[in-house]
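**Student:** See run.txt below, with compact mmCIF, C-alpha atoms.
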# COMPACT_ATOMS: atom_id res chain seq x y z
CA MET A 1 26.53 50.76 -42.51
CA LYS A 2 26.35 47.03 -42.28
CA ARG A 3 23.47 45.11 -43.77
CA LEU A 4 22.01 42.40 -41.60
CA GLU A 5 20.61 39.46 -43.49
CA VAL A 6 18.99 36.38 -42.04
CA ARG A 7 20.17 33.30 -43.88
CA LYS A 8 19.38 30.48 -41.53
CA VAL A 9 17.27 30.06 -38.41
CA LYS A 10 17.49 27.05 -36.15
CA ILE A 11 15.37 26.27 -33.10
CA ALA A 12 16.64 23.77 -30.54
CA LEU A 13 16.18 22.61 -27.00
CA ILE A 14 19.36 22.22 -24.99
CA VAL A 15 19.10 20.03 -21.91
CA THR A 16 22.02 20.41 -19.49
CA MET A 17 21.51 18.56 -16.26
CA ALA A 18 18.34 20.08 -14.78
CA VAL A 19 18.32 23.22 -16.95
CA VAL A 20 16.19 23.39 -20.10
CA VAL A 21 17.04 26.17 -22.57
CA SER A 22 15.36 27.19 -25.80
CA GLY A 23 17.98 28.52 -28.19
CA ARG A 24 17.53 30.52 -31.41
CA TRP A 25 20.54 31.05 -33.66
CA THR A 26 20.57 33.49 -36.60
CA LEU A 27 23.40 33.77 -39.09
CA VAL A 28 24.33 37.44 -39.67
CA LEU A 29 25.95 38.45 -42.99
CA ASP A 30 28.02 41.50 -43.75
CA SER A 31 27.47 43.94 -46.65
CA GLN A 32 29.31 41.53 -48.97
CA GLY A 33 26.97 38.68 -48.12
CA LYS A 34 29.60 36.78 -46.16
CA PRO A 35 29.00 35.24 -42.72
CA GLU A 36 30.16 37.63 -40.05
CA SER A 37 28.62 36.51 -36.78
CA ILE A 38 25.87 34.54 -35.13
CA LEU A 39 23.09 36.18 -33.17
CA MET A 40 22.05 33.80 -30.41
CA LEU A 41 19.08 34.22 -28.06
CA ASN A 42 18.57 31.73 -25.22
CA THR A 43 15.51 31.44 -23.02
CA ASP A 44 15.48 29.48 -19.77
CA LEU A 45 12.45 27.14 -19.87
CA THR A 46 13.29 25.16 -16.74
CA GLU A 47 10.52 26.56 -14.56
CA LYS A 48 7.99 26.26 -17.36
CA LYS A 49 8.87 22.60 -17.92
CA ILE A 50 8.61 21.87 -14.19
CA LEU A 51 5.16 23.48 -14.06
CA GLU A 52 4.09 21.52 -17.16
CA ALA A 53 5.22 18.24 -15.59
CA HIS A 54 3.37 19.09 -12.36
CA SER A 55 0.23 19.93 -14.34
CA LEU A 56 0.43 16.63 -16.24
CA ARG A 57 0.78 14.70 -12.99
CA THR A 58 -2.12 16.51 -11.36
CA GLN A 59 -4.38 16.01 -14.35
CA ARG A 60 -3.46 12.34 -14.70
CA LEU A 61 -4.29 11.65 -11.07
CA GLU A 62 -7.55 13.56 -11.41
CA SER A 63 -8.51 11.35 -14.37
CA ILE A 64 -7.80 8.21 -12.39
CA GLY A 65 -9.83 9.57 -9.51
CA THR A 66 -12.87 9.77 -11.76
CA LEU A 67 -12.50 6.05 -12.43
CA ALA A 68 -12.13 5.08 -8.76
CA SER A 69 -15.68 3.85 -8.22
CA GLY A 70 -15.58 1.86 -11.44
CA VAL A 71 -12.26 0.33 -10.52
CA ALA A 72 -13.55 -0.71 -7.08
CA HIS A 73 -16.61 -2.24 -8.73
CA ASP A 74 -14.48 -4.17 -11.21
CA LEU A 75 -12.02 -5.38 -8.59
CA ASN A 76 -14.93 -6.73 -6.55
CA ASN A 77 -16.15 -8.54 -9.66
CA ILE A 78 -12.66 -9.98 -10.12
CA LEU A 79 -12.30 -11.14 -6.51
CA THR A 80 -15.79 -12.66 -6.18
CA PRO A 81 -15.28 -15.64 -8.55
CA ILE A 82 -11.89 -16.34 -6.95
CA MET A 83 -13.33 -16.40 -3.43
CA MET A 84 -16.25 -18.57 -4.55
CA ALA A 85 -14.08 -20.95 -6.58
CA VAL A 86 -11.53 -21.74 -3.87
CA PRO A 87 -13.97 -23.77 -1.65
CA MET A 88 -15.07 -25.66 -4.76
CA LEU A 89 -11.53 -27.03 -5.16
CA ARG A 90 -12.09 -29.01 -1.94
CA TRP A 91 -15.28 -30.66 -3.15
CA GLY A 92 -13.72 -33.53 -5.07
CA LEU A 93 -14.70 -32.27 -8.52
CA THR A 94 -14.37 -34.26 -11.72
CA SER A 95 -11.38 -33.45 -13.93
CA GLU A 96 -13.58 -31.49 -16.33
CA GLU A 97 -15.20 -29.47 -13.53
CA LEU A 98 -11.81 -28.88 -11.91
CA GLU A 99 -10.38 -27.53 -15.15
CA LYS A 100 -13.24 -25.03 -15.47
CA VAL A 101 -12.80 -23.79 -11.88
CA ILE A 102 -9.03 -23.40 -12.32
CA SER A 103 -9.53 -21.52 -15.59
CA THR A 104 -11.96 -19.15 -13.86
CA VAL A 105 -9.47 -18.42 -11.05
CA GLU A 106 -6.62 -17.91 -13.52
CA LEU A 107 -8.63 -15.56 -15.76
CA SER A 108 -9.80 -13.48 -12.79
CA ALA A 109 -6.26 -13.20 -11.41
CA LYS A 110 -4.96 -12.04 -14.80
CA ARG A 111 -7.72 -9.45 -15.07
CA GLY A 112 -6.82 -8.08 -11.64
CA ALA A 113 -3.11 -7.94 -12.43
CA ASP A 114 -3.74 -6.20 -15.76
CA LEU A 115 -6.02 -3.63 -14.14
CA VAL A 116 -3.46 -2.76 -11.45
CA LYS A 117 -0.69 -2.53 -14.05
CA GLN A 118 -2.75 -0.18 -16.24
CA LEU A 119 -3.63 2.09 -13.33
CA LEU A 120 0.00 2.26 -12.22
CA GLY A 121 1.01 3.17 -15.75
CA PHE A 122 -1.53 6.00 -15.83
CA GLY A 123 -0.74 7.29 -12.36
CA ARG A 124 3.05 7.32 -12.18
CA GLY A 125 3.32 10.71 -13.80
CA VAL A 126 6.80 9.98 -15.15
CA GLU A 127 7.65 11.00 -18.68
CA GLY A 128 9.00 7.94 -20.42
CA LYS A 129 11.18 7.54 -23.46
CA ARG A 130 9.70 8.01 -26.90
CA MET A 131 9.89 4.91 -28.99
CA LEU A 132 8.40 3.38 -32.10
CA ILE A 133 5.19 1.59 -31.10
CA GLN A 134 1.92 0.28 -32.48
CA ALA A 135 -0.81 2.54 -31.10
CA LYS A 136 -3.37 -0.26 -31.45
CA HIS A 137 -1.96 -1.97 -28.34
CA LEU A 138 -2.56 1.15 -26.24
CA VAL A 139 -6.06 1.55 -27.67
CA ASN A 140 -6.92 -2.08 -26.92
CA GLU A 141 -5.78 -1.61 -23.30
CA MET A 142 -7.76 1.61 -22.90
CA VAL A 143 -10.90 0.08 -24.40
CA THR A 144 -10.56 -2.89 -22.04
CA ILE A 145 -10.30 -0.71 -18.94
CA ALA A 146 -13.19 1.47 -20.16
CA GLN A 147 -15.37 -1.60 -20.68
CA GLN A 148 -14.53 -2.74 -17.15
CA THR A 149 -14.98 0.58 -15.34
CA PHE A 150 -17.50 2.68 -17.28
CA PRO A 151 -21.22 2.33 -16.53
CA LYS A 152 -22.81 -0.67 -18.23
CA THR A 153 -25.19 1.73 -19.99
CA ILE A 154 -22.26 2.88 -22.16
CA SER A 155 -21.21 0.63 -25.02
CA VAL A 156 -17.44 0.82 -25.65
CA LYS A 157 -16.03 -0.47 -28.95
CA SER A 158 -12.89 -0.05 -31.04
CA GLU A 159 -12.00 -0.22 -34.72
CA VAL A 160 -8.33 -0.88 -35.42
CA PRO A 161 -6.88 -1.99 -38.79
CA GLU A 162 -4.22 -4.68 -38.96
CA ASP A 163 -1.89 -2.65 -41.20
CA LEU A 164 -1.66 0.36 -38.87
CA TRP A 165 1.49 2.46 -39.28
CA PRO A 166 3.81 2.76 -36.26
CA VAL A 167 4.22 6.08 -34.42
CA PHE A 168 7.15 7.50 -32.44
CA VAL A 169 5.61 8.49 -29.11
CA ASP A 170 5.86 8.39 -25.33
CA SER A 171 3.42 5.57 -24.58
CA THR A 172 2.58 6.87 -21.08
CA GLN A 173 1.56 10.26 -22.49
CA LEU A 174 -0.46 8.67 -25.30
CA HIS A 175 -2.22 6.59 -22.63
CA GLN A 176 -3.13 9.85 -20.93
CA VAL A 177 -4.53 11.32 -24.15
CA LEU A 178 -6.73 8.26 -24.58
CA LEU A 179 -7.82 8.30 -20.94
CA ASN A 180 -8.75 11.98 -20.99
CA LEU A 181 -10.78 11.73 -24.19
CA CYS A 182 -12.58 8.57 -23.06
CA VAL A 183 -13.40 9.99 -19.61
CA ASN A 184 -14.78 13.16 -21.22
CA ALA A 185 -16.90 11.02 -23.52
CA ARG A 186 -18.22 9.07 -20.54
CA ASP A 187 -19.13 12.25 -18.68
CA ALA A 188 -20.98 13.50 -21.76
CA MET A 189 -23.28 10.43 -21.64
CA PRO A 190 -24.85 10.42 -18.15
CA GLU A 191 -27.87 8.53 -19.47
CA GLY A 192 -25.77 6.04 -21.46
CA GLY A 193 -24.76 5.83 -25.09
CA ALA A 194 -21.99 4.57 -27.35
CA LEU A 195 -18.24 5.27 -27.29
CA LEU A 196 -16.18 4.36 -30.35
CA VAL A 197 -12.38 4.52 -30.52
CA HIS A 198 -11.11 4.32 -34.10
CA LEU A 199 -7.56 4.18 -35.47
CA GLY A 200 -6.57 4.56 -39.10
CA ASN A 201 -3.82 5.54 -41.52
CA ILE A 202 -4.14 8.78 -43.45
CA ARG A 203 -1.90 10.86 -45.74
CA LEU A 204 -2.43 14.61 -45.70
CA ASP A 205 -1.54 16.70 -48.75
CA GLU A 206 -1.04 20.46 -49.05
CA GLN A 207 -4.74 21.07 -49.56
CA CYS A 208 -5.71 19.06 -46.46
CA VAL A 209 -3.35 20.97 -44.17
CA SER A 210 -4.08 24.43 -45.59
CA MET A 211 -6.85 24.95 -43.02
CA ASN A 212 -4.59 24.05 -40.07
CA PRO A 213 -1.39 26.09 -39.71
CA GLU A 214 0.08 23.54 -37.25
CA ALA A 215 -0.23 20.62 -39.68
CA SER A 216 2.33 19.48 -42.24
CA PRO A 217 1.81 17.22 -45.25
CA GLY A 218 2.71 13.58 -44.76
CA PRO A 219 1.60 10.27 -43.24
CA TYR A 220 -0.36 10.28 -39.98
CA VAL A 221 -2.14 7.86 -37.70
CA ARG A 222 -5.54 9.30 -36.87
CA LEU A 223 -7.16 8.52 -33.53
CA LYS A 224 -10.90 9.24 -33.39
CA VAL A 225 -12.85 9.15 -30.12
CA SER A 226 -16.58 9.53 -30.77
CA ASP A 227 -19.50 9.60 -28.38
CA THR A 228 -23.27 9.98 -28.66
CA GLY A 229 -23.52 12.35 -25.73
CA THR A 230 -24.74 15.86 -25.09
CA GLY A 231 -22.30 17.51 -27.48
CA ILE A 232 -20.58 20.89 -27.21
CA SER A 233 -22.44 24.10 -27.99
CA PRO A 234 -21.01 26.41 -30.70
CA GLU A 235 -20.69 29.21 -28.15
CA ILE A 236 -18.00 27.43 -26.12
CA ILE A 237 -16.34 24.98 -28.52
CA HIS A 238 -13.52 27.44 -29.21
CA LYS A 239 -12.71 27.54 -25.47
CA ILE A 240 -12.51 23.83 -24.68
CA PHE A 241 -8.73 23.59 -25.03
CA GLU A 242 -8.08 26.51 -22.70
CA PRO A 243 -6.49 25.54 -19.35
CA PHE A 244 -8.97 25.44 -16.44
CA PHE A 245 -11.99 25.90 -18.71
CA THR A 246 -14.65 23.35 -17.79
CA THR A 247 -18.40 22.90 -18.02
CA LYS A 248 -18.42 20.44 -15.12
CA VAL A 249 -19.72 21.37 -11.70
CA MET A 250 -17.30 22.39 -8.96
CA GLY A 251 -15.25 19.45 -7.73
CA LYS A 252 -15.88 17.31 -10.81
CA GLY A 253 -12.98 18.54 -12.91
CA THR A 254 -10.16 21.09 -13.09
CA GLY A 255 -10.46 21.90 -16.78
CA LEU A 256 -6.97 20.57 -17.51
CA GLY A 257 -8.00 17.47 -19.47
CA LEU A 258 -8.27 18.83 -23.02
CA SER A 259 -5.47 21.35 -22.58
CA THR A 260 -3.27 18.43 -21.53
CA VAL A 261 -4.36 16.45 -24.59
CA LEU A 262 -3.51 19.34 -26.88
CA GLY A 263 -0.13 19.93 -25.22
CA ILE A 264 0.90 16.27 -25.48
CA VAL A 265 -0.19 15.93 -29.11
CA LYS A 266 1.54 19.16 -30.17
CA SER A 267 4.74 18.07 -28.42
CA HIS A 268 4.67 14.98 -30.66
CA GLY A 269 4.31 17.06 -33.81
CA GLY A 270 0.61 16.35 -34.21
CA PHE A 271 -2.64 18.30 -33.99
CA VAL A 272 -6.23 17.89 -32.77
CA ASP A 273 -9.57 18.54 -34.50
CA VAL A 274 -13.01 18.44 -32.91
CA CYS A 275 -16.48 18.15 -34.40
CA SER A 276 -19.61 18.34 -32.26
CA GLN A 277 -23.34 18.82 -32.55
CA THR A 278 -25.47 19.71 -29.53
CA GLY A 279 -27.50 16.72 -28.42
CA LYS A 280 -25.94 14.36 -30.94
CA GLY A 281 -22.40 13.77 -29.74
CA THR A 282 -18.77 14.76 -30.23
CA THR A 283 -15.79 13.41 -32.17
CA PHE A 284 -12.19 14.27 -31.33
CA GLU A 285 -9.60 13.52 -33.99
CA VAL A 286 -5.95 13.25 -32.93
CA TYR A 287 -3.36 13.22 -35.72
CA LEU A 288 0.10 11.79 -34.89
CA PRO A 289 2.97 11.72 -37.43
CA ALA A 290 3.53 8.15 -38.62
CA THR A 291 6.54 6.29 -40.00
CA PRO A 292 5.16 3.79 -42.54
CA GLY A 293 8.57 2.53 -43.60
CA GLU A 294 9.75 1.61 -40.11
CA ALA A 295 9.33 -1.89 -38.75
CA ILE A 296 8.78 -2.80 -35.11
CA LEU A 297 10.77 -5.77 -33.90
CA ALA A 298 8.52 -8.69 -33.08
CA VAL A 299 9.08 -10.83 -30.01
CA GLU A 300 9.69 -14.46 -30.90
CA PRO A 301 7.34 -16.87 -29.15
CA VAL A 302 8.83 -19.04 -26.44
CA VAL A 303 8.89 -22.75 -27.17
CA ALA A 304 7.48 -24.65 -24.19
CA ALA A 305 10.12 -27.39 -24.44
CA THR A 306 12.91 -24.89 -23.77
CA LEU A 307 11.41 -23.93 -20.41
CA ARG A 308 12.49 -27.17 -18.72
CA GLY A 309 15.59 -27.23 -16.59
CA HIS A 310 18.18 -29.98 -16.38
CA GLY A 311 18.70 -30.30 -12.67
CA GLU A 312 20.12 -26.80 -12.13
CA CYS A 313 19.97 -25.56 -8.54
CA ILE A 314 18.02 -22.31 -7.97
CA LEU A 315 18.02 -20.35 -4.72
CA VAL A 316 14.60 -18.75 -4.13
CA VAL A 317 14.62 -15.91 -1.58
CA ASP A 318 11.25 -14.46 -0.46
CA ASP A 319 9.72 -13.58 2.88
CA GLU A 320 6.25 -14.75 1.76
CA PRO A 321 5.88 -18.49 2.56
CA SER A 322 3.12 -19.00 -0.04
CA ILE A 323 5.28 -17.51 -2.80
CA ARG A 324 8.25 -19.68 -1.79
CA GLU A 325 6.11 -22.82 -1.78
CA VAL A 326 4.46 -22.19 -5.16
CA THR A 327 7.76 -21.19 -6.75
CA GLN A 328 9.45 -24.32 -5.44
CA LYS A 329 6.75 -26.64 -6.78
CA THR A 330 6.74 -24.86 -10.15
CA LEU A 331 10.50 -25.07 -10.61
CA GLU A 332 10.76 -28.67 -9.41
CA ARG A 333 8.00 -29.69 -11.80
CA HIS A 334 10.05 -28.19 -14.63
CA GLY A 335 13.28 -29.99 -13.86
CA TYR A 336 15.07 -27.70 -11.39
CA ARG A 337 16.40 -28.28 -7.89
CA VAL A 338 15.37 -25.61 -5.38
CA LEU A 339 16.81 -24.15 -2.20
CA LEU A 340 14.59 -21.83 -0.14
CA ALA A 341 15.39 -18.84 2.06
CA GLY A 342 12.94 -16.65 3.95
CA ASP A 343 15.19 -13.64 4.40
CA GLY A 344 18.57 -12.22 3.46
CA ALA A 345 20.47 -13.92 6.29
CA GLU A 346 19.13 -17.35 5.33
CA ALA A 347 20.00 -16.63 1.70
CA LEU A 348 23.63 -15.81 2.53
CA ALA A 349 23.96 -18.94 4.68
CA ALA A 350 22.45 -21.13 1.94
CA TYR A 351 24.66 -19.62 -0.74
CA ALA A 352 27.81 -20.01 1.37
CA GLN A 353 27.02 -23.71 1.80
CA HIS A 354 25.96 -24.45 -1.80
CA ARG A 355 27.73 -21.78 -3.87
CA ASN A 356 29.22 -24.35 -6.25
CA GLU A 357 25.76 -25.78 -7.00
CA ILE A 358 23.58 -22.68 -7.27
CA LYS A 359 23.17 -21.46 -10.87
CA ALA A 360 20.87 -18.50 -10.21
CA VAL A 361 19.11 -16.62 -7.41
CA ARG A 362 15.54 -15.31 -7.51
CA MET A 363 15.68 -12.45 -5.01
CA ASP A 364 12.74 -10.57 -3.47
CA MET A 365 13.70 -6.92 -2.97
CA ALA A 366 11.40 -6.04 -0.05
CA MET A 367 12.29 -8.15 2.98
CA PRO A 368 12.62 -7.32 6.71
CA TRP A 369 15.99 -7.01 8.45
CA LEU A 370 18.18 -7.60 5.40
CA ASP A 371 16.55 -6.40 2.19
CA GLY A 372 17.23 -7.52 -1.37
CA LEU A 373 19.76 -4.85 -2.28
CA ARG A 374 21.99 -5.49 0.73
CA THR A 375 21.70 -9.25 0.24
CA ILE A 376 22.73 -8.95 -3.42
CA ARG A 377 25.72 -6.81 -2.45
CA ALA A 378 26.82 -9.50 0.03
CA LEU A 379 26.33 -12.24 -2.58
CA LYS A 380 28.41 -10.25 -5.08
CA LYS A 381 31.26 -10.08 -2.56
CA MET A 382 31.07 -13.86 -2.16
CA ASN A 383 30.87 -14.41 -5.93
CA PRO A 384 30.99 -11.43 -8.36
CA ALA A 385 29.60 -13.67 -11.12
CA VAL A 386 26.46 -14.71 -9.24
CA LYS A 387 23.35 -14.43 -11.45
CA VAL A 388 20.36 -12.75 -9.83
CA ILE A 389 16.75 -12.18 -10.88
CA ALA A 390 15.34 -9.32 -8.82
CA SER A 391 11.64 -9.21 -8.01
CA SER A 392 9.26 -6.85 -6.23
CA GLY A 393 5.61 -5.99 -5.99
CA ASP A 394 6.42 -2.30 -5.65
CA GLY A 395 6.50 -0.51 -9.00
CA SER A 396 6.10 2.99 -7.61
CA THR A 397 8.10 5.97 -8.79
CA SER A 398 9.91 6.30 -5.46
CA TRP A 399 10.96 2.65 -5.54
CA ARG A 400 12.22 3.01 -9.11
CA SER A 401 14.27 6.12 -8.40
CA GLU A 402 15.83 4.64 -5.25
CA ASN A 403 16.66 1.16 -6.52
CA LEU A 404 17.13 1.03 -10.30
CA ALA A 405 20.53 2.69 -10.37
CA GLN A 406 21.78 0.50 -7.53
CA LEU A 407 20.55 -2.67 -9.22
CA ASN A 408 22.26 -1.55 -12.40
CA GLU A 409 25.56 -0.98 -10.57
CA LEU A 410 25.32 -4.48 -9.12
CA GLY A 411 24.90 -5.96 -12.59
CA VAL A 412 21.30 -7.10 -12.04
CA THR A 413 19.61 -6.61 -15.40
CA THR A 414 16.58 -8.90 -15.09
CA PHE A 415 13.56 -7.86 -13.06
CA LEU A 416 10.27 -9.67 -12.49
CA ALA A 417 7.46 -7.39 -11.34
CA LYS A 418 4.87 -9.12 -9.17
CA PRO A 419 2.51 -10.62 -10.00
CA PHE A 420 4.21 -12.82 -12.61
CA ASN A 421 3.21 -16.20 -13.94
CA ALA A 422 5.20 -19.43 -14.19
CA GLU A 423 6.11 -18.90 -17.83
CA LYS A 424 7.77 -15.54 -17.19
CA LEU A 425 9.78 -16.98 -14.32
CA LEU A 426 10.90 -19.97 -16.38
CA VAL A 427 11.81 -17.86 -19.39
CA SER A 428 13.88 -15.45 -17.30
CA LEU A 429 15.69 -18.37 -15.67
CA GLN A 430 16.54 -19.89 -19.03
CA GLU A 431 17.89 -16.58 -20.29
CA ILE A 432 19.96 -15.74 -17.24
CA ILE A 433 21.43 -19.23 -16.95
CA ARG A 434 22.46 -19.21 -20.62
CA SER A 435 23.87 -15.68 -20.45
CA ASN A 436 27.59 -15.13 -20.07
CA GLY A 437 27.30 -11.93 -18.07
CA ALA A 438 25.31 -8.83 -17.33
CA GLY A 439 23.47 -7.21 -20.18
CA PRO A 440 22.87 -3.52 -20.87
CA ALA A 441 21.50 -1.32 -18.13
CA GLU A 442 18.32 -0.64 -20.07
CA ASN A 443 17.08 -4.16 -19.35
CA ALA A 444 16.40 -3.41 -15.69
CA VAL A 445 14.70 -0.11 -16.54
CA ALA A 446 12.48 -1.58 -19.24
CA ALA A 447 11.57 -4.56 -17.12
CA LEU A 448 9.82 -2.32 -14.60
CA GLU A 449 7.46 -1.04 -17.30
CA VAL A 450 6.32 -4.55 -18.20
CA PRO A 451 6.30 -7.78 -16.20
CA LEU A 452 9.44 -9.13 -17.90
CA THR A 453 12.13 -7.84 -20.23
CA ILE A 454 14.92 -10.14 -21.35
CA ASN A 455 17.69 -9.40 -23.88
Represent the structure contained in this file as structure tokens.

**Tutor:**
Amino acid sequence: MKRLEVRKVKIALIVTMAVVVSGRWTLVLDSQGKPESILMLNTDLTEKKILEAHSLRTQRLESIGTLASGVAHDLNNILTPIMMAVPMLRWGLTSEELEKVISTVELSAKRGADLVKQLLGFGRGVEGKRMLIQAKHLVNEMVTIAQQTFPKTISVKSEVPEDLWPVFVDSTQLHQVLLNLCVNARDAMPEGGALLVHLGNIRLDEQCVSMNPEASPGPYVRLKVSDTGTGISPEIIHKIFEPFFTTKVMGKGTGLGLSTVLGIVKSHGGFVDVCSQTGKGTTFEVYLPATPGEAILAVEPVVAATLRGHGECILVVDDEPSIREVTQKTLERHGYRVLLAGDGAEALAAYAQHRNEIKAVRMDMAMPWLDGLRTIRALKKMNPAVKVIASSGDGSTSWRSENLAQLNELGVTTFLAKPFNAEKLLVSLQEIIRSNGAGPAENAVAALEVPLTIN
């Protein structure tokens, strides 16, 4: 009779097109101890993964919904100084007064753009790529939006060291972890209180992880979210991570927040601890595996002198007259010549007449009659080497899925998401004019996640 001996066990996820399979392979030895066969068990996880993705989307949108009133309040605060400052520009102010008014308008516009960008990032519900990042940037963004949208009776602060270790994570999912924990902390302080978000490096040894079977020794980045709220009673604290368990009244929550947090953290190889005392507050500790030896590439600052053109001709295509006018004045002030087109047909006519002069085209993607994609295709037929900077104010998931692949096929690798400032436009122009051809496809994808990505 043969003796079956397990020598090696390997767990893996196989992704083939839209099918996700969990595979378990076991090496089977014969009576002589020699490999004889492999026992393989595969489990189809496709439906489970689809349900998990749907749950993550639903929970993320629910979290944003809880911030809706705060967001509306903050947007009104952003728009008010802009609307009040514009008439002041007609008053004949002194140079010092004028500079203060312009600074106020600029700061308010940036705050509004950042808020919209953050909310879009939370709400897209698309699982992004995992990459090596500094978690402190995500924490700073979350603390900023919490300070802007949470009740003024709640003090929101952060503690982040400068020498924080990088972590390999999906930044969108880590954003969601932060949002869920901060929203729960807010709800636990209806009468006000203090919310503290703390990041730190920590190394766990065998003794530290002995109490948690899901933990492994090694370096971690620890995220602590502490509040001074009502706390969690001992009778229910063991249930808080269960799906659909909630202490909130009907209509105020689905009970998916903490279960989502736990699922995301575990999928990244981390674990979660919680400490709470009734009436005195709660602290959630999220441990994420860190990579102390890895370095994150820094972006070199742009030298202002390099932003000036040398008489190059730029075709600006946009159906918004105000955007065309401001873009023209900005580029001309920085040494460029500008041709304007209000739609795709005008763009093709202008390019046919000045094709030997035009060095680059800044193309709006959403235009009536002849949109950006069809205009770019026509330009490519006229000149396959034409250099195009695509631009749009639509960063939605549907827009991304419909247009990214087509832009990539057309060789358009630089994208400016509206709103963008003059510096980003000038930098992208410098890069695309100096480039010898199209870059990697990832440029266009990455550029939709941030206002500008240039390689």

**Student:** Can you work out the spacing between atom CA of Val326 of chain A and atom CA of Arg434 of chain A in Å, to one decimal?

**Tutor:** 23.9 Å

**Student:** Show me a table, sorted first by chain and then by increasing residue number, of the residues of segment 79-174 of chain A having an atom at most 10 Å from segment 257-275 of chain A, each with its shortest atom pair and the distance in Å to one decimal, counting only C-alpha atoms and written as CSV.

**Tutor:**
residue,atom,partner,partner_atom,distance
A:Arg130,CA,A:His268,CA,9.4
A:Val167,CA,A:His268,CA,9.7
A:Phe168,CA,A:His268,CA,8.1
A:Val169,CA,A:His268,CA,6.7
A:Asp170,CA,A:His268,CA,8.6
A:Gln173,CA,A:Ile264,CA,6.7
A:Leu174,CA,A:Ile264,CA,7.7

**Student:** Counting all atoms listed in the file, which of A:Lys418, A:His198, A:Arg222, A:Lys34 gets nearest to Ala290 of chain A?

**Tutor:**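 Checking each candidate against Ala290 of chain A, we get A:Arg222 as the closest.
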
**Student:** From the list A:Leu39, A:Glu423, A:Arg362, A:Ile376, which residue is nearest Leu27 of chain A when using all atoms listed in the file?

**Tutor:**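 For Leu27 of chain A, the nearest of the candidates is A:Leu39.
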
**Student:** Between A:Ala135, A:Leu288, A:Leu107, A:Val86, single out the one closest to Arg203 of chain A, counting all atoms listed in the file.

**Tutor:**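 Smallest separation from Arg203 of chain A among the options: A:Leu288.
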
**Student:** Quick one: of A:Ile433, A:Ile389, A:Ala378, A:Leu199, who's nearest to Phe415 of chain A, counting only C-alpha atoms?

**Tutor:** A:Ile389

**Student:** To one decimal place, how far is atom CA of Asp319 of chain A from atom CA of Arg111 of chain A in Å?

**Tutor:** 25.4 Å
